[in-house]
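Data from structure_6.cif: mmCIF, C-alpha atoms
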data_final
#
loop_
_atom_site.group_PDB
_atom_site.id
_atom_site.type_symbol
_atom_site.label_atom_id
_atom_site.label_comp_id
_atom_site.auth_asym_id
_atom_site.auth_seq_id
_atom_site.Cartn_x
_atom_site.Cartn_y
_atom_site.Cartn_z
ATOM 1 C CA MET A 945 0.000 0.000 0.000
ATOM 2 C CA THR A 946 2.802 2.406 0.911
ATOM 3 C CA SER A 947 4.593 2.186 -2.414
ATOM 4 C CA ALA A 948 1.355 2.590 -4.363
ATOM 5 C CA ALA A 949 0.313 5.603 -2.282
ATOM 6 C CA LEU A 950 3.733 7.125 -2.869
ATOM 7 C CA ALA A 951 3.571 6.529 -6.628
ATOM 8 C CA LEU A 952 0.085 8.009 -7.056
ATOM 9 C CA GLY A 953 0.732 10.782 -4.546
ATOM 10 C CA ASP A 954 3.954 11.832 -6.247
ATOM 11 C CA ASP A 955 2.242 11.864 -9.658
ATOM 12 C CA ALA A 956 -0.375 14.251 -8.289
ATOM 13 C CA LEU A 957 2.108 16.422 -6.365
ATOM 14 C CA ILE A 958 4.589 16.861 -9.182
ATOM 15 C CA LEU A 959 2.004 17.537 -11.889
ATOM 16 C CA SER A 960 0.327 19.987 -9.527
ATOM 17 C CA HIS A 961 3.585 21.884 -9.176
ATOM 18 C CA ARG A 962 4.195 21.930 -12.915
ATOM 19 C CA LEU A 963 0.690 23.259 -13.600
ATOM 20 C CA GLY A 964 1.174 25.837 -10.857
ATOM 21 C CA GLU A 965 4.132 27.187 -12.795
ATOM 22 C CA TRP A 966 1.635 28.572 -15.330
ATOM 23 C CA ALA A 967 0.439 31.132 -12.772
ATOM 24 C CA GLY A 968 1.281 34.511 -14.259
ATOM 25 C CA HIS A 969 2.256 32.984 -17.609
ATOM 26 C CA ALA A 970 -0.871 31.425 -19.109
ATOM 27 C CA PRO A 971 -2.057 32.693 -22.507
ATOM 28 C CA ALA A 972 -5.275 34.046 -20.994
ATOM 29 C CA LEU A 973 -6.454 34.903 -17.500
ATOM 30 C CA GLU A 974 -9.367 32.464 -17.788
ATOM 31 C CA GLU A 975 -7.024 29.634 -18.737
ATOM 32 C CA GLU A 976 -4.673 30.487 -15.904
ATOM 33 C CA VAL A 977 -7.499 29.974 -13.430
ATOM 34 C CA ALA A 978 -8.468 26.721 -15.154
ATOM 35 C CA LEU A 979 -4.931 25.345 -14.868
ATOM 36 C CA ALA A 980 -4.628 26.531 -11.273
ATOM 37 C CA ASN A 981 -7.904 24.778 -10.438
ATOM 38 C CA ILE A 982 -6.594 21.548 -11.891
ATOM 39 C CA ALA A 983 -3.334 21.999 -9.975
ATOM 40 C CA LEU A 984 -5.245 22.483 -6.724
ATOM 41 C CA ASP A 985 -7.367 19.383 -7.340
ATOM 42 C CA LEU A 986 -4.168 17.392 -7.785
ATOM 43 C CA LEU A 987 -2.585 18.942 -4.702
ATOM 44 C CA GLY A 988 -5.576 17.852 -2.652
ATOM 45 C CA GLN A 989 -5.197 14.307 -3.946
ATOM 46 C CA ALA A 990 -1.464 14.385 -3.191
ATOM 47 C CA ARG A 991 -2.097 15.464 0.397
ATOM 48 C CA VAL A 992 -4.442 12.543 1.043
ATOM 49 C CA LEU A 993 -2.159 10.020 -0.635
ATOM 50 C CA LEU A 994 1.084 11.191 0.982
ATOM 51 C CA SER A 995 -0.587 11.336 4.385
ATOM 52 C CA MET A 996 -1.266 7.616 4.004
ATOM 53 C CA VAL A 997 2.515 7.156 3.928
ATOM 54 C CA GLY A 998 3.746 9.633 6.519
ATOM 55 C CA ASP A 999 4.081 13.358 7.164
ATOM 56 C CA GLU A 1000 2.987 15.089 3.968
ATOM 57 C CA ASP A 1001 5.326 18.069 4.333
ATOM 58 C CA GLU A 1002 8.374 15.972 5.060
ATOM 59 C CA LEU A 1003 7.592 13.737 2.115
ATOM 60 C CA ALA A 1004 7.073 16.632 -0.249
ATOM 61 C CA PHE A 1005 9.890 18.889 0.843
ATOM 62 C CA LEU A 1006 12.621 16.784 2.404
ATOM 63 C CA ARG A 1007 12.967 13.834 0.047
ATOM 64 C CA GLU A 1008 15.797 13.681 -2.435
ATOM 65 C CA GLU A 1009 15.152 13.249 -6.137
ATOM 66 C CA ARG A 1010 15.818 9.502 -6.099
ATOM 67 C CA ALA A 1011 13.141 8.948 -3.450
ATOM 68 C CA PHE A 1012 10.329 10.295 -5.636
ATOM 69 C CA ARG A 1013 8.210 7.679 -7.389
ATOM 70 C CA ASN A 1014 6.294 9.788 -9.901
ATOM 71 C CA LEU A 1015 6.083 9.056 -13.608
ATOM 72 C CA GLN A 1016 8.619 10.841 -15.755
ATOM 73 C CA LEU A 1017 5.721 12.182 -17.815
ATOM 74 C CA VAL A 1018 4.428 14.474 -15.066
ATOM 75 C CA GLU A 1019 7.827 16.017 -14.303
ATOM 76 C CA GLN A 1020 8.377 17.167 -17.891
ATOM 77 C CA PRO A 1021 8.608 20.951 -18.259
ATOM 78 C CA ASN A 1022 5.482 22.784 -19.392
ATOM 79 C CA GLY A 1023 6.814 23.861 -22.780
ATOM 80 C CA ASP A 1024 4.234 25.882 -24.679
ATOM 81 C CA PHE A 1025 0.519 25.674 -23.951
ATOM 82 C CA ALA A 1026 -0.008 22.877 -26.491
ATOM 83 C CA HIS A 1027 2.776 20.877 -24.858
ATOM 84 C CA THR A 1028 1.061 21.211 -21.487
ATOM 85 C CA ILE A 1029 -2.268 20.186 -23.024
ATOM 86 C CA ALA A 1030 -0.645 17.103 -24.579
ATOM 87 C CA ARG A 1031 0.728 16.142 -21.151
ATOM 88 C CA GLN A 1032 -2.732 16.699 -19.643
ATOM 89 C CA LEU A 1033 -4.416 14.634 -22.356
ATOM 90 C CA TYR A 1034 -2.105 11.697 -21.813
ATOM 91 C CA PHE A 1035 -2.051 11.818 -18.025
ATOM 92 C CA SER A 1036 -5.630 12.762 -17.119
ATOM 93 C CA GLY A 1037 -6.975 10.044 -19.425
ATOM 94 C CA PHE A 1038 -4.824 7.521 -17.605
ATOM 95 C CA GLN A 1039 -5.618 8.884 -14.151
ATOM 96 C CA GLU A 1040 -9.357 8.833 -14.776
ATOM 97 C CA LEU A 1041 -9.283 5.165 -15.825
ATOM 98 C CA LEU A 1042 -7.072 4.291 -12.873
ATOM 99 C CA TYR A 1043 -9.283 6.058 -10.322
ATOM 100 C CA GLU A 1044 -12.426 4.545 -11.860
ATOM 101 C CA ARG A 1045 -11.026 1.098 -11.201
ATOM 102 C CA LEU A 1046 -9.775 1.968 -7.712
ATOM 103 C CA ALA A 1047 -13.161 3.493 -6.857
ATOM 104 C CA ALA A 1048 -14.895 0.288 -7.946
ATOM 105 C CA GLY A 1049 -12.589 -1.889 -5.846
ATOM 106 C CA ASP A 1050 -12.498 -2.257 -2.096
ATOM 107 C CA GLY A 1051 -8.859 -1.373 -1.416
ATOM 108 C CA PRO A 1052 -7.474 1.487 0.703
ATOM 109 C CA PHE A 1053 -7.700 3.933 -2.214
ATOM 110 C CA ARG A 1054 -11.410 3.583 -2.726
ATOM 111 C CA PRO A 1055 -12.515 6.695 -0.753
ATOM 112 C CA LEU A 1056 -9.992 8.991 -2.434
ATOM 113 C CA ALA A 1057 -10.561 7.564 -5.904
ATOM 114 C CA GLY A 1058 -14.337 7.873 -5.617
ATOM 115 C CA LYS A 1059 -14.057 11.586 -4.935
ATOM 116 C CA ALA A 1060 -11.122 12.351 -7.212
ATOM 117 C CA VAL A 1061 -12.480 10.582 -10.268
ATOM 118 C CA LYS A 1062 -14.972 13.425 -10.751
ATOM 119 C CA GLU A 1063 -12.188 15.994 -10.577
ATOM 120 C CA VAL A 1064 -10.080 14.065 -13.034
ATOM 121 C CA ALA A 1065 -12.986 13.589 -15.454
ATOM 122 C CA TYR A 1066 -13.086 17.372 -15.689
ATOM 123 C CA HIS A 1067 -9.307 17.557 -16.244
ATOM 124 C CA ARG A 1068 -9.670 15.098 -19.109
ATOM 125 C CA ASP A 1069 -12.585 17.028 -20.552
ATOM 126 C CA HIS A 1070 -10.528 20.241 -20.396
ATOM 127 C CA ALA A 1071 -7.579 18.601 -22.151
ATOM 128 C CA GLU A 1072 -9.794 17.096 -24.844
ATOM 129 C CA HIS A 1073 -11.521 20.365 -25.631
ATOM 130 C CA TRP A 1074 -8.187 22.127 -26.025
ATOM 131 C CA THR A 1075 -6.704 19.295 -28.074
ATOM 132 C CA LEU A 1076 -9.622 19.610 -30.480
ATOM 133 C CA ARG A 1077 -9.306 23.360 -30.754
ATOM 134 C CA LEU A 1078 -5.550 23.494 -31.121
ATOM 135 C CA GLY A 1079 -5.433 20.537 -33.508
ATOM 136 C CA ASP A 1080 -8.303 21.765 -35.641
ATOM 137 C CA GLY A 1081 -7.375 25.438 -35.248
ATOM 138 C CA THR A 1082 -4.742 27.362 -37.167
ATOM 139 C CA ALA A 1083 -1.733 25.870 -38.961
ATOM 140 C CA GLU A 1084 0.437 27.161 -36.105
ATOM 141 C CA SER A 1085 -1.679 25.661 -33.306
ATOM 142 C CA HIS A 1086 -1.980 22.387 -35.226
ATOM 143 C CA ALA A 1087 1.793 22.138 -35.581
ATOM 144 C CA ARG A 1088 2.380 22.923 -31.899
ATOM 145 C CA MET A 1089 -0.190 20.401 -30.712
ATOM 146 C CA GLN A 1090 1.244 17.732 -32.963
ATOM 147 C CA ARG A 1091 4.738 18.499 -31.668
ATOM 148 C CA GLY A 1092 3.603 18.308 -28.040
ATOM 149 C CA LEU A 1093 1.968 14.923 -28.619
ATOM 150 C CA ALA A 1094 5.084 13.619 -30.358
ATOM 151 C CA GLU A 1095 7.581 14.857 -27.774
ATOM 152 C CA LEU A 1096 5.751 13.295 -24.838
ATOM 153 C CA TRP A 1097 4.770 10.054 -26.570
ATOM 154 C CA ARG A 1098 7.767 8.105 -25.342
ATOM 155 C CA PHE A 1099 6.826 8.892 -21.721
ATOM 156 C CA THR A 1100 3.382 7.304 -21.996
ATOM 157 C CA GLY A 1101 4.379 3.642 -21.784
ATOM 158 C CA GLU A 1102 5.498 4.039 -18.190
ATOM 159 C CA MET A 1103 1.956 4.805 -17.035
ATOM 160 C CA PHE A 1104 0.955 1.185 -17.569
ATOM 161 C CA GLN A 1105 3.826 -0.500 -15.799
ATOM 162 C CA PRO A 1106 2.268 -2.326 -12.857
ATOM 163 C CA VAL A 1107 2.540 -0.548 -9.521
ATOM 164 C CA GLU A 1108 3.252 -2.719 -6.500
ATOM 165 C CA GLY A 1109 0.168 -2.972 -4.330
ATOM 166 C CA LEU A 1110 -2.350 -2.198 -7.091
ATOM 167 C CA ASP A 1111 -3.948 -5.339 -8.390
ATOM 168 C CA LEU A 1112 -5.249 -4.113 -11.736
ATOM 169 C CA ASP A 1113 -5.530 -5.255 -15.325
ATOM 170 C CA TRP A 1114 -2.844 -2.895 -16.594
ATOM 171 C CA ALA A 1115 -2.942 -4.176 -20.164
ATOM 172 C CA GLY A 1116 -6.704 -3.637 -20.249
ATOM 173 C CA LEU A 1117 -6.221 -0.135 -18.854
ATOM 174 C CA GLU A 1118 -3.705 0.627 -21.566
ATOM 175 C CA SER A 1119 -5.882 -0.558 -24.442
ATOM 176 C CA VAL A 1120 -8.839 1.571 -23.290
ATOM 177 C CA TRP A 1121 -6.533 4.566 -22.842
ATOM 178 C CA LEU A 1122 -5.034 4.120 -26.293
ATOM 179 C CA GLU A 1123 -8.455 3.805 -27.876
ATOM 180 C CA ARG A 1124 -9.714 7.009 -26.241
ATOM 181 C CA VAL A 1125 -6.608 9.047 -26.974
ATOM 182 C CA THR A 1126 -6.623 7.880 -30.581
ATOM 183 C CA GLU A 1127 -10.246 8.916 -30.964
ATOM 184 C CA VAL A 1128 -9.620 12.454 -29.657
ATOM 185 C CA VAL A 1129 -6.394 12.920 -31.580
ATOM 186 C CA GLU A 1130 -8.010 11.885 -34.854
ATOM 187 C CA ARG A 1131 -11.061 14.035 -34.244
ATOM 188 C CA ALA A 1132 -8.641 16.934 -33.738
ATOM 189 C CA THR A 1133 -7.248 16.236 -37.246
ATOM 190 C CA LEU A 1134 -3.944 15.208 -35.655
ATOM 191 C CA THR A 1135 -2.087 11.954 -36.012
ATOM 192 C CA LEU A 1136 -1.125 9.644 -33.193
ATOM 193 C CA PRO A 1137 2.669 9.668 -32.879
ATOM 194 C CA GLU A 1138 4.494 6.636 -34.100
ATOM 195 C CA GLY A 1139 7.473 5.198 -32.353
ATOM 196 C CA PRO A 1140 7.907 3.069 -29.298
ATOM 197 C CA ARG A 1141 6.272 3.786 -25.939
ATOM 198 C CA THR A 1142 8.049 1.047 -24.032
ATOM 199 C CA GLY A 1143 11.444 -0.594 -24.243
ATOM 200 C CA ALA A 1144 15.082 0.274 -24.063
ATOM 201 C CA TRP A 1145 14.969 3.517 -26.027
ATOM 202 C CA THR A 1146 11.947 5.008 -24.358
ATOM 203 C CA ALA A 1147 11.662 6.842 -21.091
ATOM 204 C CA GLY A 1148 10.177 5.459 -17.939
ATOM 205 C CA ALA A 1149 11.919 4.586 -14.731
ATOM 206 C CA GLY A 1150 10.356 7.254 -12.552
ATOM 207 C CA ARG A 1151 8.617 4.595 -10.483
ATOM 208 C CA GLN A 1152 12.070 3.249 -9.648
ATOM 209 C CA GLY A 1153 13.334 6.690 -8.639
ATOM 210 C CA LEU A 1154 15.190 7.544 -11.830
ATOM 211 C CA HIS A 1155 14.195 10.931 -13.144
ATOM 212 C CA THR A 1156 14.928 13.207 -16.061
ATOM 213 C CA GLU A 1157 17.233 16.201 -15.925
ATOM 214 C CA PRO A 1158 14.587 18.935 -15.538
ATOM 215 C CA PHE A 1159 13.207 17.255 -12.395
ATOM 216 C CA GLY A 1160 16.138 18.235 -10.158
ATOM 217 C CA ARG A 1161 15.720 21.879 -10.997
ATOM 218 C CA MET A 1162 11.988 21.699 -10.395
ATOM 219 C CA LEU A 1163 12.491 20.045 -7.005
ATOM 220 C CA ALA A 1164 15.051 22.673 -6.003
ATOM 221 C CA GLU A 1165 12.495 25.375 -6.630
ATOM 222 C CA MET A 1166 9.679 23.434 -4.957
ATOM 223 C CA GLN A 1167 11.666 22.592 -1.844
ATOM 224 C CA HIS A 1168 13.975 25.527 -1.238
ATOM 225 C CA LEU A 1169 11.642 27.589 0.919
ATOM 226 C CA TYR A 1170 10.813 24.745 3.267
ATOM 227 C CA ARG A 1171 14.452 23.749 3.535
ATOM 228 C CA SER A 1172 15.641 27.332 4.094
ATOM 229 C CA HIS A 1173 13.115 27.936 6.866
ATOM 230 C CA PRO A 1174 12.448 24.583 8.531
ATOM 231 C CA GLY A 1175 9.285 24.583 10.574
ATOM 232 C CA ALA A 1176 8.227 28.057 9.483
ATOM 233 C CA THR A 1177 4.496 28.784 9.576
ATOM 234 C CA TRP A 1178 2.392 31.593 8.181
ATOM 235 C CA MET B 1066 -4.018 33.445 -29.710
ATOM 236 C CA THR B 1067 -4.567 36.256 -27.263
ATOM 237 C CA ASN B 1068 -7.375 37.284 -25.036
ATOM 238 C CA ARG B 1069 -8.003 40.270 -27.245
ATOM 239 C CA ASP B 1070 -9.237 38.024 -30.043
ATOM 240 C CA TRP B 1071 -11.660 36.158 -27.850
ATOM 241 C CA PRO B 1072 -15.242 37.397 -27.599
ATOM 242 C CA LEU B 1073 -16.759 38.427 -24.297
ATOM 243 C CA TRP B 1074 -19.395 36.262 -22.620
ATOM 244 C CA GLU B 1075 -21.839 37.061 -19.833
ATOM 245 C CA VAL B 1076 -22.185 34.427 -17.152
ATOM 246 C CA PHE B 1077 -25.395 33.567 -15.295
ATOM 247 C CA VAL B 1078 -25.336 31.207 -12.345
ATOM 248 C CA ARG B 1079 -28.245 29.533 -10.597
ATOM 249 C CA SER B 1080 -27.438 28.913 -6.975
ATOM 250 C CA ARG B 1081 -28.446 25.813 -5.086
ATOM 251 C CA ARG B 1082 -31.434 27.535 -3.525
ATOM 252 C CA GLY B 1083 -32.199 30.000 -6.291
ATOM 253 C CA LEU B 1084 -34.988 29.630 -8.802
ATOM 254 C CA SER B 1085 -33.461 31.794 -11.500
ATOM 255 C CA HIS B 1086 -30.061 32.348 -13.044
ATOM 256 C CA VAL B 1087 -28.394 35.521 -11.780
ATOM 257 C CA HIS B 1088 -25.733 37.503 -13.600
ATOM 258 C CA ALA B 1089 -22.377 36.670 -12.050
ATOM 259 C CA GLY B 1090 -19.900 38.451 -14.307
ATOM 260 C CA SER B 1091 -18.209 38.137 -17.654
ATOM 261 C CA LEU B 1092 -15.210 36.420 -19.201
ATOM 262 C CA HIS B 1093 -13.362 35.904 -22.468
ATOM 263 C CA ALA B 1094 -13.472 32.573 -24.290
ATOM 264 C CA PRO B 1095 -12.979 31.409 -27.874
ATOM 265 C CA ASP B 1096 -16.341 29.625 -28.098
ATOM 266 C CA ALA B 1097 -19.420 28.633 -26.123
ATOM 267 C CA ALA B 1098 -18.175 25.259 -24.867
ATOM 268 C CA LEU B 1099 -14.999 26.753 -23.430
ATOM 269 C CA ALA B 1100 -16.897 29.778 -22.115
ATOM 270 C CA LEU B 1101 -19.038 27.371 -20.094
ATOM 271 C CA ARG B 1102 -15.943 25.656 -18.718
ATOM 272 C CA ASN B 1103 -14.225 28.939 -17.916
ATOM 273 C CA ALA B 1104 -17.412 30.054 -16.171
ATOM 274 C CA ARG B 1105 -17.366 26.880 -14.107
ATOM 275 C CA ASP B 1106 -13.770 27.585 -13.093
ATOM 276 C CA LEU B 1107 -14.223 31.289 -12.413
ATOM 277 C CA TYR B 1108 -17.689 31.537 -10.884
ATOM 278 C CA THR B 1109 -18.532 28.212 -9.239
ATOM 279 C CA ARG B 1110 -15.270 27.462 -7.421
ATOM 280 C CA ARG B 1111 -16.870 27.912 -4.031
ATOM 281 C CA GLN B 1112 -20.026 25.921 -4.622
ATOM 282 C CA GLU B 1113 -21.927 28.978 -5.802
ATOM 283 C CA GLY B 1114 -23.985 27.193 -8.364
ATOM 284 C CA VAL B 1115 -25.722 24.142 -9.752
ATOM 285 C CA SER B 1116 -26.347 25.488 -13.247
ATOM 286 C CA VAL B 1117 -24.530 27.941 -15.506
ATOM 287 C CA TRP B 1118 -25.545 29.866 -18.632
ATOM 288 C CA VAL B 1119 -23.198 31.758 -20.896
ATOM 289 C CA VAL B 1120 -24.414 34.304 -23.430
ATOM 290 C CA PRO B 1121 -22.321 36.213 -25.976
ATOM 291 C CA SER B 1122 -22.167 39.768 -24.664
ATOM 292 C CA ALA B 1123 -22.700 41.037 -28.214
ATOM 293 C CA GLN B 1124 -26.113 39.366 -28.232
ATOM 294 C CA ILE B 1125 -27.383 41.442 -25.349
ATOM 295 C CA THR B 1126 -29.385 44.547 -26.227
ATOM 296 C CA ALA B 1127 -29.180 46.943 -23.325
ATOM 297 C CA SER B 1128 -30.946 50.170 -22.519
ATOM 298 C CA SER B 1129 -28.730 53.176 -22.879
ATOM 299 C CA PRO B 1130 -27.836 55.484 -19.983
ATOM 300 C CA ASP B 1131 -28.994 58.398 -22.169
ATOM 301 C CA GLU B 1132 -32.479 56.924 -22.271
ATOM 302 C CA ARG B 1133 -32.655 56.468 -18.551
ATOM 303 C CA ASP B 1134 -35.083 59.260 -17.815
ATOM 304 C CA PRO B 1135 -37.692 58.470 -20.482
ATOM 305 C CA PHE B 1136 -37.348 54.769 -19.688
ATOM 306 C CA PHE B 1137 -37.542 54.702 -15.949
ATOM 307 C CA GLU B 1138 -38.493 58.075 -14.543
ATOM 308 C CA PRO B 1139 -42.246 57.865 -15.392
ATOM 309 C CA ALA B 1140 -42.677 54.832 -13.139
ATOM 310 C CA ALA B 1141 -41.477 56.696 -10.073
ATOM 311 C CA ASP B 1142 -44.728 58.435 -9.096
ATOM 312 C CA LYS B 1143 -47.219 55.717 -9.944
ATOM 313 C CA ALA B 1144 -47.662 54.105 -6.633
ATOM 314 C CA TYR B 1145 -51.035 52.704 -7.745
ATOM 315 C CA ARG B 1146 -49.168 50.159 -9.818
ATOM 316 C CA HIS B 1147 -48.266 48.388 -6.637
ATOM 317 C CA PRO B 1148 -51.050 46.110 -5.464
ATOM 318 C CA THR B 1149 -51.430 47.841 -2.136
ATOM 319 C CA PHE B 1150 -54.923 49.312 -2.528
ATOM 320 C CA TYR B 1151 -57.000 46.251 -2.028
ATOM 321 C CA ASP B 1152 -58.820 45.303 1.146
ATOM 322 C CA LEU B 1153 -58.051 41.706 1.817
ATOM 323 C CA PRO B 1154 -61.176 39.659 2.512
ATOM 324 C CA ASP B 1155 -61.053 37.722 5.715
ATOM 325 C CA GLY B 1156 -59.949 34.179 5.275
ATOM 326 C CA VAL B 1157 -57.464 34.776 2.451
ATOM 327 C CA LYS B 1158 -54.300 33.046 3.356
ATOM 328 C CA GLY B 1159 -50.810 32.994 1.917
ATOM 329 C CA LEU B 1160 -50.528 36.691 1.088
#

Show how you would write the structure in this file as structure tokens.
Amino acid sequence: MTSAALALGDDALILSHRLGEWAGHAPALEEEVALANIALDLLGQARVLLSMVGDEDELAFLREERAFRNLQLVEQPNGDFAHTIARQLYFSGFQELLYERLAAGDGPFRPLAGKAVKEVAYHRDHAEHWTLRLGDGTAESHARMQRGLAELWRFTGEMFQPVEGLDLDWAGLESVWLERVTEVVERATLTLPEGPRTGAWTAGAGRQGLHTEPFGRMLAEMQHLYRSHPGATW
Amino acid sequence: MTNRDWPLWEVFVRSRRGLSHVHAGSLHAPDAALALRNARDLYTRRQEGVSVWVVPSAQITASSPDERDPFFEPAADKAYRHPTFYDLPDGVKGL
């Protein structure tokens, strides 16, 4: 249970931080609030999940990079807006399916998943609407959306590697995910990236504590205040 | 794409206990579906509503401030338009 809570909690925490980085930078004020809302939903999930493991603050702010168990997908830098939407499309689709199954089970994650699945359904809806508009928008937005999908494609295989403590049909999860993503991508007049999603030349050892280069920098920013002022309150 | 290119939408929210949608504010969005989602994010974050309408601001025909006097002034001294001049028969309930 602990390792699964850590994996899911770190996914939510790290993606929340990445989405929070849009504050002050989003293309429109309305979209900034939308991304911040999604980030706060994820932060709430992370707090519940990390509290199942130990002290949430210590886990978030005092762990070293190698101790984090999040997917490499969620730690990837935001890039442009289309890049962020591609990350959201891939991840929220996966997270919704995962939570649906956890909510239907009777394991320790059932209460959280039952509540969070509604939040995540909205995240997926948001990502799909933007994928459709960017893909079927201007030549520029189409190209950016296609590039975002392609750049993050190799990080998507890791989502379906079994997590210790979660007894799920991972292959079944993956085929439903692939079907749904394909449907949205094609409706958006985009093409599903080719190329491998699993194997030696793809990414994906975040669950084992191996992370990509941008993650260290992100953690430094996320943790520096807590580490500079231990125990500070406000 | 910038905010400047996006049309303005008026947002109406019906609260949990309310019977009608009440104007909550306005926002920019590229189309109706996203306007509805932006409205959800901006105006129902704190459980304000159970239903949301969005209307293109350009579709609203409003009275002009210049016309205020001819429009509204004449109603000011017509107290008889309020139903306060009737004697209520005994036994009428619910008024």

Contact residues (chain B, partner chain A, 10 Å, all atoms listed in the file) as a PyMOL selection string: chain B and resi 1066-1069+1071+1092-1096+1098-1100+1102-1107+1110

Surrounding residues of B:Ser1116 excluding itself and chain neighbours under 5 positions, 8 Å, only C-alpha atoms, as an NGL selection string: :B and (1078-1080 or 1086)

Exercise: A:Leu1056 partners within 10 Å, only C-alpha atoms, chain neighbours under 2 positions left out, as an MDAnalysis selection string: chainID A and resid 988:989 992:993 1043 1046:1047 1052:1054 1058:1061

Produce a file of the selected residues containing C-alpha atoms, as a compact mmCIF listing (two decimals), in the coordinates of the input.
# COMPACT_ATOMS: atom_id res chain seq x y z
CA GLY A 988 -5.58 17.85 -2.65
CA GLN A 989 -5.20 14.31 -3.95
CA VAL A 992 -4.44 12.54 1.04
CA LEU A 993 -2.16 10.02 -0.64
CA TYR A 1043 -9.28 6.06 -10.32
CA LEU A 1046 -9.78 1.97 -7.71
CA ALA A 1047 -13.16 3.49 -6.86
CA PRO A 1052 -7.47 1.49 0.70
CA PHE A 1053 -7.70 3.93 -2.21
CA ARG A 1054 -11.41 3.58 -2.73
CA GLY A 1058 -14.34 7.87 -5.62
CA LYS A 1059 -14.06 11.59 -4.93
CA ALA A 1060 -11.12 12.35 -7.21
CA VAL A 1061 -12.48 10.58 -10.27

Atomic separation - atom CA of B:Gly1159 relative to atom CA of B:Ser1085, Å: 22.0 Å

Selection under test: the PyMOL selection byres ((chain A and resi 961) around 9); residues as a list in words: Ala956, Leu957, Ile958, Leu959, Ser960, Arg962, Leu963, Gly964, Glu965, Ala983, Leu987, Glu1019, Met1162 and Met1166 of chain A

Keeping only C-alpha atoms, write those residues as a PDB file, in the coordinates of the input.
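Result file again-v6.pdb:
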ATOM      1  CA  ALA A 956      -0.375  14.251  -8.289  1.00  0.00           C
ATOM      2  CA  LEU A 957       2.108  16.422  -6.365  1.00  0.00           C
ATOM      3  CA  ILE A 958       4.589  16.861  -9.182  1.00  0.00           C
ATOM      4  CA  LEU A 959       2.004  17.537 -11.889  1.00  0.00           C
ATOM      5  CA  SER A 960       0.327  19.987  -9.527  1.00  0.00           C
ATOM      6  CA  ARG A 962       4.195  21.930 -12.915  1.00  0.00           C
ATOM      7  CA  LEU A 963       0.690  23.259 -13.600  1.00  0.00           C
ATOM      8  CA  GLY A 964       1.174  25.837 -10.857  1.00  0.00           C
ATOM      9  CA  GLU A 965       4.132  27.187 -12.795  1.00  0.00           C
ATOM     10  CA  ALA A 983      -3.334  21.999  -9.975  1.00  0.00           C
ATOM     11  CA  LEU A 987      -2.585  18.942  -4.702  1.00  0.00           C
ATOM     12  CA  GLU A1019       7.827  16.017 -14.303  1.00  0.00           C
ATOM     13  CA  MET A1162      11.988  21.699 -10.395  1.00  0.00           C
ATOM     14  CA  MET A1166       9.679  23.434  -4.957  1.00  0.00           C
TER      15      MET A1166
END

Selection: 10 Å around stretch 1107-1112 of chain A, only C-alpha atoms, excl. self and same-chain fewer than 4 positions, as number ranges by chain: A: 945-949, 951-952, 1042, 1045-1046, 1049, 1051, 1053, 1103, 1116-1117, 1151

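Once the PyMOL selection byres ((chain B and resi 1088) around 8) is applied to the shown structure, the selection contains Glu1075, Val1076, Phe1077, Val1078, His1086, Val1087, Ala1089 and Gly1090 of chain B.
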
Just write the chosen residues, C-alpha atoms, as a PDB file, keeping the file's coordinate frame.
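Below is the file part_24.pdb, written as the result:
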ATOM      1  CA  GLU B1075     -21.839  37.061 -19.833  1.00  0.00           C
ATOM      2  CA  VAL B1076     -22.185  34.427 -17.152  1.00  0.00           C
ATOM      3  CA  PHE B1077     -25.395  33.567 -15.295  1.00  0.00           C
ATOM      4  CA  VAL B1078     -25.336  31.207 -12.345  1.00  0.00           C
ATOM      5  CA  HIS B1086     -30.061  32.348 -13.044  1.00  0.00           C
ATOM      6  CA  VAL B1087     -28.394  35.521 -11.780  1.00  0.00           C
ATOM      7  CA  ALA B1089     -22.377  36.670 -12.050  1.00  0.00           C
ATOM      8  CA  GLY B1090     -19.900  38.451 -14.307  1.00  0.00           C
TER       9      GLY B1090
END

Atom pair atom CA of A:Pro1055 / atom CA of A:Pro1106: separation (Å):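 Result for atom CA of A:Pro1055 versus atom CA of A:Pro1106: 21.1 Å, one decimal.
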